[in-house]
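Here the structure comes first, spelled out in structure tokens, and everything after it is commentary.
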Amino acid sequence: MIAQVVPVLFAFGSNLGGRGDTIRAAQRELAATEGIANFTASPLRETVALTLAGPDPLAPKYVNGVAVADTTLGPHALLDVMQRLEHEFGRVRGERWADRTLDIDLILFGGRVISDERLTVPHPRAHERDFVLAPWLALDPNAVLMGHGRVAELLERIGDTTAPFAEEPAPAQSDTGHTGANDGGS
């Protein structure tokens with residue numbers, strides 16, 4: 001029996017540590033996972049943290065992006081891979097919408113609707129999240145969110161508060177291999 005190939009859409013977020021590096025490393029690992037092919041990531045965007053109380057400009061900012069891929073994995077097997085990666089990159093599950101090193105959401109799994117105790121697809125809030133819609137639109141100007149319509153129209157309706165992410169600079173290297181600007185010289 002040949003496994004069915006299903007197109008999927010992932011969303012990534014991080015507001016702790018090396019945010020962009022963490023997302024890109026997790027994307028590389030996800031892309032290298034058996035059963036995942038044709039992985040293409042969006043440009044990264046930066047946003048104000050969204051908490052249970054609403055946007056919090058005092059909290060560490062998030063870096064977000066999306067990626068499309070094809071998979072032969074089932075939705076729960078894919079969720080297991082995503083949660084394993086979150087754990088490997090230091091994600092600690094606690095308070096809902098708390099700061100995190102890595103968050104990976106499954107936004108779409110082909111044209112399937114899934115709703116159980118572990119997984120809801122399409123993602124129930126993707127249509128109101130500019131940090132999902134803006135990078136997705138950059139990746140695919142014709143994108144459509146199942147059950148909600150064209151991504152361009154959804155983003156226009158809610159507004160885009162995201163900004164291009166300027167990659168975080170790597171620590172400076174001295175000739176002796178120490179990091180930092182002051183290596184104790186003259």
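By order of appearance in the structure tokens: chains A, B, ..., then residues from 1 within every chain, and ligands from 1 in the order shown.
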
Worksheet item: If you run DSSP on this backbone, which residues of region 14-146 of chain A come out as strand (DSSP E), and could you give them as number ranges by chain?
Response: A: 14, 36-41, 45-47, 49-51, 54-56, 62-71, 103-109, 114-115, 120-121, 144-145

Practice prompt. Write out as a PyMOL selection string the residues lying within 9 Å of Gly13 (chain A), counting only C-alpha atoms and excluding same-chain residues fewer than 4 positions away.
Written response: chain A and resi 19-20+23+62-66+100-105+131

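Checking A:Glu86, A:Asp140, A:Asp99, A:Asp130 one by one against Ala25 (chain A), counting only C-alpha atoms, you find the shortest gap at A:Glu86.
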
Discussion item. If DSSP is run on the backbone, what residues of chain A are helix (DSSP H, G or I)? A reply as JSON, numbers by chain would be ideal.
Written reply: {"A": [19, 20, 21, 22, 23, 24, 25, 26, 27, 28, 29, 30, 31, 75, 76, 77, 78, 79, 80, 81, 82, 83, 84, 85, 86, 87, 88, 126, 127, 128, 130, 131, 132, 133, 134, 135, 136, 137, 138, 139, 151, 152, 153, 154, 155, 156, 157, 158]}

Discussion item. Env of Val6 (chain A): 9 Å cut, atoms = only C-alpha atoms, seq-sep filter 2 positions within chain, self excluded. Answer as a PyMOL selection string.
Written reply: chain A and resi 4+8+69-74+109-111

Practice prompt. For CA of Asn15 (chain A) and CA of Gly149 (chain A), quote the distance in Å rounded to one decimal.
Written response: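 Straight-line distance from CA of Asn15 (chain A) to CA of Gly149 (chain A) works out to 28.9 Å.
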
Practice prompt. Go ahead and compute the interatomic distance for CA of Arg28 (chain A) and CA of Arg150 (chain A), in Å to one decimal.
Written response: 28.1 Å

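With only C-alpha atoms as the basis for measurement, A:Leu119 is the residue among A:Ile107, A:Ile36, A:Leu119, A:Leu44 that approaches His76 (chain A) most closely.
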
Discussion item. Calculated over only C-alpha atoms, which of the candidates A:Glu153, A:Ala32, A:Thr22, A:Gly159 has the smallest distance to Arg91 (chain A)?
Written reply: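 Of all the options, A:Thr22 lies closest to Arg91 (chain A).
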
Discussion item. Neighbouring residues of Trp136 (chain A) were defined as those with any atom within 8 Å, considering only C-alpha atoms; residues of the same chain fewer than 5 positions away were excluded. Please report them as a PyMOL selection string.
Written reply: chain A and resi 42+65-67+141+143+151

Worksheet entry | Counting only C-alpha atoms, the option among A:Leu133, A:Gly35, A:Asp160, A:Leu58 closest to Ala3 (chain A) |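 With only C-alpha atoms as the atom set, the closest residue is A:Gly35.
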
Practice prompt. Have a look at CA of Gly18 (chain A) and CA of Leu50 (chain A) and let me know their distance in Å, one decimal.
Written response: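 CA of Gly18 (chain A) sits 18.8 Å away from CA of Leu50 (chain A).
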
Fill in: Counting only C-alpha atoms, the option among A:Ile2, A:Leu106, A:Leu16, A:Ile158 closest to Ala49 (chain A)
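For Ala49 (chain A), the nearest of the candidates is A:Leu16.
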